[in-house]
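Here is structure35.pdb, consisting of PDB, C-alpha atoms:
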ATOM      1  CA  MET R 101       0.561  -3.620  24.421
ATOM      2  CA  ARG R 102      -2.987  -4.449  25.511
ATOM      3  CA  GLU R 103      -4.057  -4.733  21.877
ATOM      4  CA  LEU R 104      -1.225  -7.170  21.178
ATOM      5  CA  SER R 105      -2.284  -9.302  24.140
ATOM      6  CA  ARG R 106      -5.891  -9.243  22.939
ATOM      7  CA  LEU R 107      -4.857 -10.410  19.467
ATOM      8  CA  ASP R 108      -2.732 -13.149  20.999
ATOM      9  CA  ARG R 109      -5.793 -14.462  22.880
ATOM     10  CA  ASP R 110      -8.133 -14.267  19.886
ATOM     11  CA  PRO R 111      -9.140 -17.882  19.009
ATOM     12  CA  ASN R 112      -9.852 -16.861  15.405
ATOM     13  CA  LEU R 113      -6.234 -15.884  14.764
ATOM     14  CA  THR R 114      -3.344 -18.267  14.228
ATOM     15  CA  LYS R 115      -0.633 -15.686  13.473
ATOM     16  CA  VAL R 116      -0.183 -12.004  14.233
ATOM     17  CA  HIS R 117       2.190 -10.094  11.944
ATOM     18  CA  LEU R 118       3.251  -6.534  12.744
ATOM     19  CA  ILE R 119       4.187  -3.682  10.412
ATOM     20  CA  GLY R 120       5.625  -0.467  11.806
ATOM     21  CA  HIS R 121       6.970   2.840  10.542
ATOM     22  CA  SER R 122       9.688   4.993  12.084
ATOM     23  CA  LEU R 123       9.171   5.342  15.846
ATOM     24  CA  GLY R 124       6.373   2.769  15.665
ATOM     25  CA  CYS R 125       9.041   0.142  14.979
ATOM     26  CA  ILE R 126      10.770   1.029  18.254
ATOM     27  CA  VAL R 127       7.428   0.735  20.046
ATOM     28  CA  VAL R 128       7.081  -2.771  18.576
ATOM     29  CA  ARG R 129      10.571  -3.735  19.756
ATOM     30  CA  HIS R 130       9.833  -2.440  23.246
ATOM     31  CA  ALA R 131       6.466  -4.239  23.405
ATOM     32  CA  LEU R 132       8.032  -7.539  22.332
ATOM     33  CA  SER R 133      10.799  -7.138  24.901
ATOM     34  CA  LEU R 134       8.140  -7.001  27.633
ATOM     35  CA  SER R 135       5.925  -9.819  26.404
ATOM     36  CA  LEU R 136       6.378 -12.756  24.050
ATOM     37  CA  PRO R 137       3.106 -13.402  22.173
ATOM     38  CA  LYS R 138       2.598 -17.067  21.354
ATOM     39  CA  LYS R 139       0.996 -16.284  17.993
ATOM     40  CA  MET R 140       3.603 -13.754  16.935
ATOM     41  CA  GLY R 141       4.487 -14.005  13.261
ATOM     42  CA  ARG R 142       6.868 -11.749  11.364
ATOM     43  CA  VAL R 143       7.703  -8.061  11.803
ATOM     44  CA  VAL R 144       8.321  -5.586   8.989
ATOM     45  CA  MET R 145       9.949  -2.266   9.876
ATOM     46  CA  LEU R 146       9.735   0.747   7.567
ATOM     47  CA  ALA R 147      12.488   3.346   8.063
ATOM     48  CA  PRO R 148      13.161   2.446  11.716
ATOM     49  CA  PRO R 149      15.840   4.321  13.723
ATOM     50  CA  ASN R 150      17.087   1.021  15.171
ATOM     51  CA  GLN R 151      20.569   2.410  15.826
ATOM     52  CA  GLY R 152      19.246   5.747  16.989
ATOM     53  CA  SER R 153      19.136   8.882  14.892
ATOM     54  CA  GLY R 154      21.862  11.425  14.280
ATOM     55  CA  ARG R 155      19.170  14.015  13.718
ATOM     56  CA  ALA R 156      17.708  13.220  17.143
ATOM     57  CA  ARG R 157      21.172  13.751  18.667
ATOM     58  CA  ARG R 158      21.535  17.142  16.987
ATOM     59  CA  LEU R 159      18.114  18.191  18.225
ATOM     60  CA  SER R 160      18.329  16.585  21.659
ATOM     61  CA  PHE R 161      19.661  19.702  23.376
ATOM     62  CA  ILE R 162      16.490  21.513  22.269
ATOM     63  CA  GLY R 163      14.043  18.630  22.510
ATOM     64  CA  ALA R 164      15.108  17.718  26.037
ATOM     65  CA  TRP R 165      13.349  20.848  27.239
ATOM     66  CA  PHE R 166      10.074  19.534  25.850
ATOM     67  CA  SER R 167      10.411  15.743  25.881
ATOM     68  CA  PRO R 168      13.088  13.447  27.347
ATOM     69  CA  ALA R 169      12.141  10.905  24.654
ATOM     70  CA  VAL R 170      14.277  12.768  22.117
ATOM     71  CA  ALA R 171      17.445  11.960  24.057
ATOM     72  CA  GLN R 172      16.422   8.292  24.171
ATOM     73  CA  LEU R 173      16.455   8.080  20.369
ATOM     74  CA  THR R 174      19.913   9.490  19.623
ATOM     75  CA  ASP R 175      22.668   7.491  17.955
ATOM     76  CA  GLU R 176      24.857   7.673  21.057
ATOM     77  CA  GLU R 177      25.922   4.356  22.578
ATOM     78  CA  ARG R 178      24.203   5.039  25.900
ATOM     79  CA  SER R 179      20.832   5.991  24.376
ATOM     80  CA  TRP R 180      17.835   3.874  25.315
ATOM     81  CA  VAL R 181      17.130   2.677  21.773
ATOM     82  CA  ARG R 182      20.717   1.394  21.385
ATOM     83  CA  GLN R 183      20.374  -0.587  24.622
ATOM     84  CA  LEU R 184      17.002  -2.106  23.711
ATOM     85  CA  GLU R 185      17.449  -5.850  23.270
ATOM     86  CA  LEU R 186      16.020  -7.770  20.353
ATOM     87  CA  PRO R 187      13.754 -10.655  21.412
ATOM     88  CA  ASN R 188      14.872 -14.076  20.221
ATOM     89  CA  GLY R 189      12.724 -16.268  18.007
ATOM     90  CA  TYR R 190      11.194 -13.555  15.830
ATOM     91  CA  GLU R 191      11.809 -12.665  12.191
ATOM     92  CA  PHE R 192      12.459  -8.980  11.575
ATOM     93  CA  GLY R 193      12.625  -7.455   8.090
ATOM     94  CA  VAL R 194      13.807  -3.872   7.594
ATOM     95  CA  ILE R 195      12.899  -1.637   4.641
ATOM     96  CA  ALA R 196      14.931   1.575   4.430
ATOM     97  CA  GLY R 197      14.681   4.604   2.157
ATOM     98  CA  ASN R 198      17.843   5.569   0.306
ATOM     99  CA  ARG R 199      16.867   9.252   0.477
ATOM    100  CA  ASP R 200      15.888   9.209   4.146
ATOM    101  CA  GLY R 201      17.368  12.121   6.090
ATOM    102  CA  THR R 202      15.741  11.067   9.369
ATOM    103  CA  ALA R 203      16.799   7.423   9.620
ATOM    104  CA  ARG R 204      19.823   6.872   7.407
ATOM    105  CA  LEU R 205      20.546   3.458   5.924
ATOM    106  CA  TYR R 206      23.043   2.324   8.555
ATOM    107  CA  GLU R 207      20.790   3.627  11.330
ATOM    108  CA  THR R 208      18.007   1.264  10.237
ATOM    109  CA  GLU R 209      20.166  -1.857  10.583
ATOM    110  CA  LEU R 210      19.132  -4.264  13.337
ATOM    111  CA  VAL R 211      21.397  -6.882  14.858
ATOM    112  CA  GLY R 212      19.704 -10.225  14.264
ATOM    113  CA  GLN R 213      17.490  -8.994  11.428
ATOM    114  CA  SER R 214      16.312 -11.625   8.949
ATOM    115  CA  ASP R 215      16.539  -9.390   5.895
ATOM    116  CA  HIS R 216      17.236  -5.772   4.954
ATOM    117  CA  VAL R 217      16.452  -3.884   1.757
ATOM    118  CA  SER R 218      16.566  -0.266   0.612
ATOM    119  CA  ILE R 219      14.213   1.372  -1.876
ATOM    120  CA  PRO R 220      14.054   4.819  -3.523
ATOM    121  CA  SER R 221      12.151   6.853  -0.936
ATOM    122  CA  CYS R 222      12.339   9.512   1.741
ATOM    123  CA  HIS R 223      11.222   9.003   5.344
ATOM    124  CA  THR R 224       7.686  10.354   5.353
ATOM    125  CA  VAL R 225       6.248   8.580   2.299
ATOM    126  CA  ILE R 226       7.987   5.202   2.337
ATOM    127  CA  MET R 227       4.846   3.468   3.605
ATOM    128  CA  LYS R 228       2.974   4.692   0.496
ATOM    129  CA  LYS R 229       5.443   3.254  -2.003
ATOM    130  CA  PRO R 230       4.121   0.290  -4.047
ATOM    131  CA  LEU R 231       7.554  -1.341  -3.887
ATOM    132  CA  ALA R 232       7.485  -1.164  -0.081
ATOM    133  CA  ALA R 233       4.107  -2.905  -0.110
ATOM    134  CA  GLN R 234       5.408  -5.619  -2.446
ATOM    135  CA  HIS R 235       8.467  -6.231  -0.265
ATOM    136  CA  THR R 236       6.265  -6.326   2.849
ATOM    137  CA  ILE R 237       3.913  -8.930   1.380
ATOM    138  CA  ALA R 238       6.855 -11.056   0.257
ATOM    139  CA  PHE R 239       8.473 -10.961   3.706
ATOM    140  CA  LEU R 240       5.260 -11.796   5.555
ATOM    141  CA  LYS R 241       4.802 -14.801   3.259
ATOM    142  CA  SER R 242       8.355 -16.132   3.062
ATOM    143  CA  GLY R 243      10.560 -14.344   5.591
ATOM    144  CA  HIS R 244      12.571 -12.736   2.769
ATOM    145  CA  PHE R 245      12.222  -9.619   0.664
ATOM    146  CA  LEU R 246      12.013  -9.719  -3.117
ATOM    147  CA  SER R 247      15.232 -10.276  -5.040
ATOM    148  CA  GLN R 248      16.284  -7.782  -7.705
ATOM    149  CA  CYS R 249      15.090 -10.219 -10.363
ATOM    150  CA  GLU R 250      11.697 -10.511  -8.666
ATOM    151  CA  VAL R 251      11.472  -6.723  -8.365
ATOM    152  CA  GLU R 252      12.088  -6.362 -12.103
ATOM    153  CA  GLU R 253       9.561  -9.089 -12.926
ATOM    154  CA  THR R 254       6.995  -7.442 -10.666
ATOM    155  CA  ALA R 255       7.649  -4.084 -12.333
ATOM    156  CA  ARG R 256       7.140  -5.608 -15.788
ATOM    157  CA  ALA R 257       3.954  -7.323 -14.643
ATOM    158  CA  THR R 258       2.695  -4.029 -13.224
ATOM    159  CA  VAL R 259       3.375  -2.256 -16.528
ATOM    160  CA  LEU R 260       1.538  -4.981 -18.455
ATOM    161  CA  GLU R 261      -1.410  -4.803 -16.050
ATOM    162  CA  ARG R 262      -1.612  -1.033 -16.465
ATOM    163  CA  GLU R 263      -1.468  -1.317 -20.257
ATOM    164  CA  ALA R 264      -4.188  -3.975 -20.213
ATOM    165  CA  ALA R 265      -6.306  -1.798 -17.929
ATOM    166  CA  LYS R 266      -5.851   1.193 -20.257
ATOM    167  CA  LYS R 267      -6.875  -0.893 -23.282
ATOM    168  CA  ALA R 268      -9.916  -2.229 -21.440
ATOM    169  CA  ALA R 269     -10.901   1.284 -20.367
ATOM    170  CA  LYS R 270     -10.441   2.584 -23.922
ATOM    171  CA  LYS R 271     -12.563  -0.261 -25.306
ATOM    172  CA  SER R 272     -15.238   0.409 -22.703
ATOM    173  CA  ARG R 273     -15.316   4.126 -23.570
ATOM    174  CA  ALA R 274     -15.581   3.306 -27.281
ATOM    175  CA  SER R 275     -18.421   0.869 -26.609
ATOM    176  CA  LYS R 276     -20.298   3.431 -24.509
ATOM    177  CA  LYS R 277     -19.740   6.090 -27.166
ATOM    178  CA  ALA R 278     -21.120   3.773 -29.869
ATOM    179  CA  ALA R 279     -24.123   2.946 -27.689
ATOM    180  CA  ARG R 280     -24.860   6.661 -27.116
ATOM    181  CA  LYS R 281     -24.532   7.338 -30.854
ATOM    182  CA  GLN R 282     -26.942   4.518 -31.698
ATOM    183  CA  GLU R 283     -29.354   5.812 -29.075
ATOM    184  CA  ARG R 284     -29.336   9.261 -30.706
ATOM    185  CA  VAL R 285     -29.949   7.679 -34.116
ATOM    186  CA  ASN R 286     -32.890   5.719 -32.716
ATOM    187  CA  ARG R 287     -34.384   8.842 -31.116
ATOM    188  CA  ARG R 288     -34.108  10.828 -34.353
ATOM    189  CA  ALA R 289     -35.729   7.980 -36.279
ATOM    190  CA  ALA R 290     -38.559   7.824 -33.750
ATOM    191  CA  ARG R 291     -39.180  11.592 -33.967
ATOM    192  CA  LYS R 292     -39.126  11.469 -37.770
ATOM    193  CA  GLU R 293     -41.626   8.624 -37.788
ATOM    194  CA  LYS R 294     -44.007  10.611 -35.592
ATOM    195  CA  ARG R 295     -43.862  13.653 -37.888
ATOM    196  CA  GLU R 296     -44.480  11.758 -41.165
ATOM    197  CA  PRO R 297     -48.171  10.867 -41.983
ATOM    198  CA  ARG R 298     -48.873   7.186 -42.228
ATOM    199  CA  PRO R 299     -50.358   5.831 -45.526
ATOM    200  CA  PRO R 300     -54.004   4.709 -45.258
ATOM    201  CA  SER R 301     -54.684   1.041 -44.781
ATOM    202  CA  GLY R 302     -57.693  -1.307 -44.805
ATOM    203  CA  PRO R 303     -61.115   0.159 -45.817
ATOM    204  CA  GLU R 304     -59.672   3.682 -45.890
ATOM    205  CA  ALA R 305     -57.080   2.618 -48.466
ATOM    206  CA  ALA R 306     -59.807   0.935 -50.601
ATOM    207  CA  THR R 307     -61.992   4.075 -50.490
ATOM    208  CA  SER R 308     -59.031   6.211 -51.472
ATOM    209  CA  LEU R 309     -58.249   3.990 -54.461
ATOM    210  CA  ALA R 310     -61.927   3.977 -55.564
ATOM    211  CA  ALA R 311     -61.987   7.755 -55.471
ATOM    212  CA  HIS R 312     -59.042   7.872 -57.836
TER     213      HIS R 312
END
This structure in structure tokens:
Amino acid sequence: MRELSRLDRDPNLTKVHLIGHSLGCIVVRHALSLSLPKKMGRVVMLAPPNQGSGRARRLSFIGAWFSPAVAQLTDEERSWVRQLELPNGYEFGVIAGNRDGTARLYETELVGQSDHVSIPSCHTVIMKKPLAAQHTIAFLKSGHFLSQCEVEETARATVLEREAAKKAAKKSRASKKAARKQERVNRRAARKEKREPRPPSGPEAATSLAAH
């Protein structure tokens, strides 16, 4: 919360965008419910349990012994996370994993969200997925995630870039190999030249011819 206030006061910043994962998204929602930063931009949530978590409910009877926070994150209507209000005036984008066993697709939904998209991923690695990064960049720029057409175009462009990079790397390796080969040829020629006696020249050559 203090860091968000500091960023809001920073004269060098005009917008502050936030990206969260899992419980971090709930922390963002709570922070924004307490304070409304003037420079706040857009918010991207990765696999957030916005509607609570069924897994948290199943584990709450055990977790309550260790941390009351577990009970606050269940999918029950009275849980704290279900009662947390969404601040007005902000754009929230939600990226969910379609193989997420911690925050299922419907549990990531947020009333008032600007956009919602699901990608092939589980809960723990969704933030490492290139497609998640591409969707995040698109939302921070435009307030909307990539369309299916844009996803396919991006995938094709990525394939072409990789192929071009492979060709460039192959060409570079071939060039280095040719340079090393030429260097070996030059070294052998230099050693051979040192071993072979040089023919006489100048007065020595004239004396040698006179002797013959």
- Separating atom CA of Arg129 of chain R from atom CA of Leu184 of chain R, to the nearest tenth of an Å, is a gap of 7.7 Å
- Message: Considering only C-alpha atoms, can you say which of R:Ala279, R:Ala147, R:Ser153, R:Glu207 comes closest to Pro220 of chain R?
- Response: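 Using only C-alpha atoms, the shortest distance to Pro220 of chain R belongs to R:Ala147.
Relative to atom CA of Gln151 of chain R, atom CA of Ile195 of chain R is found at 14.2 Å.
If you measure from each of R:Met227, R:Val285, R:Leu132, R:Met140 to Leu186 of chain R using only C-alpha atoms, the closest one turns out to be R:Leu132.
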- Query: Using all atoms listed in the file, which of R:His216, R:Arg256, R:Arg204, R:Arg262 sits nearest Thr236 of chain R?
  - Reply: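 Smallest distance to Thr236 of chain R is found for R:His216.
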- Task: Specify as a ChimeraX atom specification each residue included when the PyMOL selection byres ((chain R and resi 211-214) around 7) is applied to this file.
- Result: /R:191-193,209-210,215
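Take the candidates R:Gln248, R:Gln183, R:Ser221, R:Ser242 and check each one against Ala203 of chain R using only C-alpha atoms; the shortest distance goes to R:Ser221.
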- Could you tell me which of R:Glu253, R:Leu134, R:Pro148, R:Lys228 comes closest to Tyr206 of chain R if we count only C-alpha atoms?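 With only C-alpha atoms as the atom set, the closest residue is R:Pro148.
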- Using atom CA of Leu260 of chain R and atom CA of Ala196 of chain R as the two end points, give the distance in Å to one decimal.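 Atom-to-atom, atom CA of Leu260 of chain R to atom CA of Ala196 of chain R, that is 27.3 Å.
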- Task: Give me the result of the PyMOL selection byres ((chain R and resi 107-123) around 6) on this file, residue by residue, as a list in words.
- Result: Leu104, Ser105, Arg106, Gly124, Cys125, Ile126, Pro137, Lys139, Met140, Gly141, Arg142, Val143, Val144, Met145, Leu146, Ala147 and Pro148 of chain R
Please dump the current selection as a PDB file, keeping the file's coordinate frame; keep C-alpha atoms.
ATOM      1  CA  LEU R 104      -1.225  -7.170  21.178  1.00  0.00           C
ATOM      2  CA  SER R 105      -2.284  -9.302  24.140  1.00  0.00           C
ATOM      3  CA  ARG R 106      -5.891  -9.243  22.939  1.00  0.00           C
ATOM      4  CA  GLY R 124       6.373   2.769  15.665  1.00  0.00           C
ATOM      5  CA  CYS R 125       9.041   0.142  14.979  1.00  0.00           C
ATOM      6  CA  ILE R 126      10.770   1.029  18.254  1.00  0.00           C
ATOM      7  CA  PRO R 137       3.106 -13.402  22.173  1.00  0.00           C
ATOM      8  CA  LYS R 139       0.996 -16.284  17.993  1.00  0.00           C
ATOM      9  CA  MET R 140       3.603 -13.754  16.935  1.00  0.00           C
ATOM     10  CA  GLY R 141       4.487 -14.005  13.261  1.00  0.00           C
ATOM     11  CA  ARG R 142       6.868 -11.749  11.364  1.00  0.00           C
ATOM     12  CA  VAL R 143       7.703  -8.061  11.803  1.00  0.00           C
ATOM     13  CA  VAL R 144       8.321  -5.586   8.989  1.00  0.00           C
ATOM     14  CA  MET R 145       9.949  -2.266   9.876  1.00  0.00           C
ATOM     15  CA  LEU R 146       9.735   0.747   7.567  1.00  0.00           C
ATOM     16  CA  ALA R 147      12.488   3.346   8.063  1.00  0.00           C
ATOM     17  CA  PRO R 148      13.161   2.446  11.716  1.00  0.00           C
TER      18      PRO R 148
END
- Task: Given the file shown, enumerate the residues that the PyMOL selection byres ((chain R and resi 199) around 7) captures and present them as a PyMOL selection string.
- Result: chain R and resi 197-198+200-201+220-222
- Message: Could you check the closest approach to Glu252 of chain R for each of R:Ser135, R:Lys270, R:Leu231, R:Phe239 and tell me which residue wins, using all atoms listed in the file?
- Response: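 Checking each of R:Ser135, R:Lys270, R:Leu231, R:Phe239 against Glu252 of chain R, counting all atoms listed in the file, the winner is R:Leu231.
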Box along x, y and z, 5 Å on every side, all listed atoms of segment 250-257 of chain R inside: centre and edge lengths in Å to one decimal, as AutoDock Vina command-line options.
--center_x 8.0 --center_y -7.3 --center_z -12.1 --size_x 18.1 --size_y 16.4 --size_z 17.4
